[in-house]
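S.K.: Have a look at the structure that comes next, please.
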Amino acid sequence: MKRHTHRFNIFQIGYHLRLLSLAAILLFLSSCQREITGDVRNTGGNGNGNGNGNGNGNPPAPTVITSIKLLVLDENGMMVANAKVQSGTTIVYSNEFGIAEFKNIRVTANKAMVKVNVPGYFEAYRTFPADSKECFGKIKLAKLGMANIVMADTGGEITVNTECSILFPANAFVLKSDGSPYSGAVVVYAQYLQPEFPDFNILMPGDLLAEDNGENILKSYGMMNVELRGTGSVPLQLKSGLQATLKATIPSSLSSSAPATIPMWYFNTEKGVWLKEGSASRQGNQYVGKVAHFTWWNYDYAYPRVFISGIVKDAAGLPVVNSTVQMTARQFNATIFGFTNQDGYFRVAAPLNASIDLSISGEGCNIPGYTQTVTTTNTDLDLGTITVSAFTTSSYQVSGTFTDCNNAPIASGRLRIFTLNNMFEAPIINGQAALRFLFCNDSLDALVQAEDFATGKVMTLSKKMYHNSSTNLGSLGVCTPLSTKYIRYIVDNQLYYIAGNNVDSLTSHYFSITGPPWVQVAHNSYANPPQLSSDIYFNTDMGTYVSVMIIKAYPNLSNMGNDRDLRNRFENYSNVPGAINRGTVTGRQFDTGVNRWRYINVAYSVGQQ
């Protein structure tokens with residue numbers, strides 16, 4: 001039986017995808033799902049915290065009520081659907097566009113931490129300098145990649161990216177859960193970051209906030225993350241009293257200023273801050289230090305901090321939203337990053353008693369769109385409204401009028417503009433929404449989505465936009481029920497979105513062949529000619545990745561052969577008719593027509609037939 005849905009094509013290009021699978025199974029580490037605004041599941045609590053101190057006699061940490069929006073990106077900088085994101089005891093899941101949202105939660109003031117779990121990636125953390133204003137941020141995940149192996153009884157040394165190494169002593173491993181001795185093979189996943197690396201600010205954990213006789217910010221000379229796993233992927237840790245030796249290459253740009261001895265800091269995954277423990281000595285172009293446990297380790301100098309806040313608007317008074325804010329202290333050559341929120345508001349740490357270069361930048365921009373020099377004292381600095389009369393890089397201005405099903409102005413809602421790797425948002429108030437954002441492309445193919453908070457209904461369309469000009473969306477009716485069914489495609493950096501309504505079939509089917517049962521996720525276009533269609537076949541084993549598809553599409557994609565590196569991840573699956581099945585497909589497929597690999601990223605939520 002055919003079911004019908006509505007299709008939105010961001011690029012206004014008719015593609016026909018046929019996706020077919022035969023697969024090899026790879027085991028991964030955790031589970032994920034989709035977040036719809038207000039979707040909180042499996043929480044174990046209400047996420048409000050209690051602020052009752054830390055049990056050692058210290059006064060309780062101050063708390064605030066805030067909201068957080070986090071954009072989760074993969075190693076290719078593309079949106080990650082169904083990522084598990086946690087703040088305190090509240091758990092949400094990123095939606096099909098990679099957005100995880102927490103509304104009105106109680107968090108620790110100045111250091112609200114969120115944790116992100118996605119199978120096959122390092123656990124990731126972001127810390128916000130939270131006050132009562134909404135927080136916006138990004139986080140980029142790092143793949144676990146190729147593991148190194150050492151034997152527990154002999155120990156040994158492993159090398160990470162040729163830039164650092166870890167030396168383990170013999171008989172040094174215990175189970176992290178209870179401290180009992182472990183013998184056998186030890187799987188070592190390691191990740192190394194330098195401040196010179198692209199996207200350092202969204203790859204690193206936390207936000208370089210540290211605690212050591214007060215709150216500080218750090219100037220990093222490099223950091224390393226290590227995860228230890230035993231048989232069955234059981235977490236391991238070093239035995240009490242034993243240490244491993246870390247060696248890390250000093251970034252070339254910092255070599256001349258790198259001291260002979262530098263403090264070491266580890267990231268505390270409960271508090272969301274860096275804590276000092278030990279030091280490293282310089283040996284040639286490396287720092288060498290010993291650690292007694294594993295998490296993120298950082299080579300840094302600390303400086304007492306203040307916070308700088310402000311609201312960025314253009315000459316017309318429109319907020320400059322979801323843009324990168326950078327604070328660089330000249331005398332320390334230390335840089336801290338943050339983001340403006342939907343109101344153009346930012347709050348970012350900086351060293352006290354320092355000259356600070358403040359800059360506002362956009363996606364893909366090599367130069368900032370705005371710069372200003374400010375001077376800090378020993379108290380927080382509120383810059384008020386910063387009016388930018390002219391930007392030094394590309395910017396986009398978007399506005400529109402939005403009505404409900406009765407053609408009345410929407411009292412309260414939101415306008416969102418999605419690209420492959422970003423989101424820009426503005427509130428809809430009395431039917432009106434307008435914003436400006438920085439984005440360094442001459443043009444932009446975007447998905448525009450408006451939501452009416454009173455009715456929960458939405459409007460979605462594709463729109464071509466041009467830099468340094470005004471895009472007026474006109475008057476748009478927001479009158480479509482929010483669907484739990486969708487397929488969101490990224491094929492070779494082109495974005496398509498199909499939401500459940502009445503044009504296409506959007507379903508999943510269960511069937512059995514030789515071996516384990518298989519599932520088909522189908523989107524069959526009934527438009528004439530068909531604009532986009534697909535079949536995805538994969539094994540029903542929960543929590544596994546499998547190679548899943550052969551792609552054949554027209555008119556602008558060539559036929560693709562059997563060479564593929566694609567994986568499916570279920571969030572949940574049920575063969576009961578009417579159940580909603582969710583998951584993702586990621587990887588690449590070789591296109592024989594143009595003799596190159598194409599990037600594939602699919603998120604789906606479909607109804608079981």
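Note on naming: chains are A, B, ... as they come in the structure tokens, residues start from 1 per chain, ligands start from 1 in the order shown.
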As an NGL selection string, please: the residues near Val348 (chain A) (cut-off 10 Å, only C-alpha atoms, same-chain neighbours under 6 positions excluded).

M.R.: :A and (110 or 128-130 or 207 or 305-310 or 325-327 or 336-340)

S.K.: Leaving out Ser281 (chain A) and any residue of its chain fewer than 5 positions from it, which residues lie within 7 Å of it when counting only C-alpha atoms, given as a VMD selection string?

M.R.: chain A and resid 260 to 262 287 to 289

S.K.: If I take CA of Thr231 (chain A) and CA of Pro181 (chain A), how far is one from the other in Å, to one decimal?

M.R.: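 So the two atoms, CA of Thr231 (chain A) and CA of Pro181 (chain A), lie 13.0 Å apart.
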
S.K.: Where in region 114-344 of chain A does DSSP assign strand (DSSP E or B), given as JSON, numbers by chain?

M.R.: {"A": [114, 115, 116, 117, 121, 124, 125, 126, 127, 128, 135, 136, 137, 138, 139, 140, 143, 148, 149, 150, 151, 155, 156, 157, 158, 159, 160, 164, 165, 166, 167, 168, 173, 174, 175, 181, 185, 186, 187, 188, 189, 190, 191, 192, 193, 209, 210, 211, 215, 216, 217, 218, 219, 220, 221, 222, 223, 224, 225, 226, 227, 228, 229, 235, 236, 237, 238, 244, 245, 246, 247, 248, 249, 261, 262, 263, 264, 265, 266, 267, 268, 273, 274, 275, 276, 277, 278, 279, 280, 281, 282, 283, 286, 287, 288, 289, 290, 291, 296, 297, 298, 299, 300, 301, 302, 303, 304, 305, 306, 307, 308, 309, 310, 311, 312, 313, 314, 319, 320, 324, 325, 326, 327, 328, 329, 334, 335, 336, 337, 338, 339]}

S.K.: Using only C-alpha atoms, which protein or nucleic acid residues come within 12 Å of Thr324 (chain A)? Drop anything in the same chain fewer than 3 positions from it, and give the result as a PDB file with C-alpha atoms, in the first residue's frame.

M.R.:
```
ATOM      1  CA  PHE A 136      24.565  28.697  21.125  1.00  0.00           C
ATOM      2  CA  GLY A 137      27.587  26.603  20.186  1.00  0.00           C
ATOM      3  CA  LYS A 138      29.056  24.012  17.845  1.00  0.00           C
ATOM      4  CA  ASP A 199      38.461  23.943  13.898  1.00  0.00           C
ATOM      5  CA  ASN A 201      37.921  25.670  18.948  1.00  0.00           C
ATOM      6  CA  ILE A 202      35.064  23.241  18.170  1.00  0.00           C
ATOM      7  CA  VAL A 312      26.103  42.531  17.810  1.00  0.00           C
ATOM      8  CA  VAL A 320      24.082  39.191  13.796  1.00  0.00           C
ATOM      9  CA  VAL A 321      23.265  35.603  14.739  1.00  0.00           C
ATOM     10  CA  MET A 327      38.952  37.088  21.908  1.00  0.00           C
ATOM     11  CA  ILE A 336      39.209  32.096  23.381  1.00  0.00           C
ATOM     12  CA  PHE A 337      36.160  31.482  21.185  1.00  0.00           C
ATOM     13  CA  GLY A 338      32.394  31.738  21.525  1.00  0.00           C
ATOM     14  CA  PHE A 339      29.269  32.382  19.429  1.00  0.00           C
ATOM     15  CA  THR A 340      26.509  34.934  19.199  1.00  0.00           C
ATOM     16  CA  ASN A 341      23.013  33.590  19.863  1.00  0.00           C
ATOM     17  CA  GLY A 344      23.281  38.590  18.601  1.00  0.00           C
ATOM     18  CA  TYR A 345      24.326  38.230  22.268  1.00  0.00           C
ATOM     19  CA  PHE A 346      27.694  36.760  23.257  1.00  0.00           C
ATOM     20  CA  ARG A 347      29.591  36.123  26.489  1.00  0.00           C
ATOM     21  CA  VAL A 348      33.215  35.007  26.171  1.00  0.00           C
ATOM     22  CA  LEU A 358      37.622  41.100  19.541  1.00  0.00           C
ATOM     23  CA  SER A 359      36.476  39.794  16.156  1.00  0.00           C
ATOM     24  CA  ILE A 360      33.218  38.474  14.661  1.00  0.00           C
ATOM     25  CA  SER A 361      33.571  35.883  11.877  1.00  0.00           C
ATOM     26  CA  GLY A 362      31.339  33.747   9.676  1.00  0.00           C
ATOM     27  CA  GLU A 363      31.360  30.269   8.172  1.00  0.00           C
ATOM     28  CA  GLY A 364      34.228  29.758   5.705  1.00  0.00           C
ATOM     29  CA  CYS A 365      35.626  33.248   6.234  1.00  0.00           C
ATOM     30  CA  ILE A 367      39.065  37.323   7.557  1.00  0.00           C
ATOM     31  CA  PRO A 368      36.716  38.590  10.288  1.00  0.00           C
ATOM     32  CA  GLY A 369      33.616  40.540   9.377  1.00  0.00           C
ATOM     33  CA  TYR A 370      34.183  42.965  12.235  1.00  0.00           C
ATOM     34  CA  THR A 371      37.012  43.793  14.657  1.00  0.00           C
ATOM     35  CA  ASN A 422      25.335  25.624  10.051  1.00  0.00           C
ATOM     36  CA  PHE A 437      24.528  36.335   9.446  1.00  0.00           C
ATOM     37  CA  LEU A 438      28.064  36.066   8.092  1.00  0.00           C
ATOM     38  CA  PHE A 439      28.807  33.378   5.499  1.00  0.00           C
TER      39      PHE A 439
END
```

S.K.: Write out as a VMD selection string each polymer residue whose atoms come within 12 Å of Ser256 (chain A), counting only C-alpha atoms; drop sequence neighbours fewer than 3 positions from it.

M.R.: chain A and resid 221 250 to 253 259 to 260 282 284 to 285

S.K.: Counting only C-alpha atoms, figure out which residue out of A:Ser605, A:Gln237, A:Asn407, A:Asn575 gets nearest to Ile498 (chain A).

M.R.: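 Smallest distance to Ile498 (chain A) is found for A:Ser605.
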
S.K.: Show which residues sit within 10 Å of Ala185 (chain A), as a CSV table (one decimal) with C-alpha atoms, in the first residue's frame. Count only C-alpha atoms, and ignore same-chain residues fewer than 3 positions away.

M.R.:
```csv
chain,number,residue,atom,x,y,z
A,149,ILE,CA,47.1,-2.4,20.6
A,150,VAL,CA,49.4,-3.1,23.6
A,151,MET,CA,49.4,-6.1,25.8
A,152,ALA,CA,48.6,-5.5,29.4
A,153,ASP,CA,51.4,-7.8,30.8
A,155,GLY,CA,53.0,-2.6,28.2
A,182,TYR,CA,43.0,-6.6,33.6
A,188,VAL,CA,44.2,2.4,22.7
A,229,ARG,CA,39.3,-0.5,26.0
A,230,GLY,CA,39.6,-4.1,26.9
A,231,THR,CA,37.9,-7.3,25.6
```
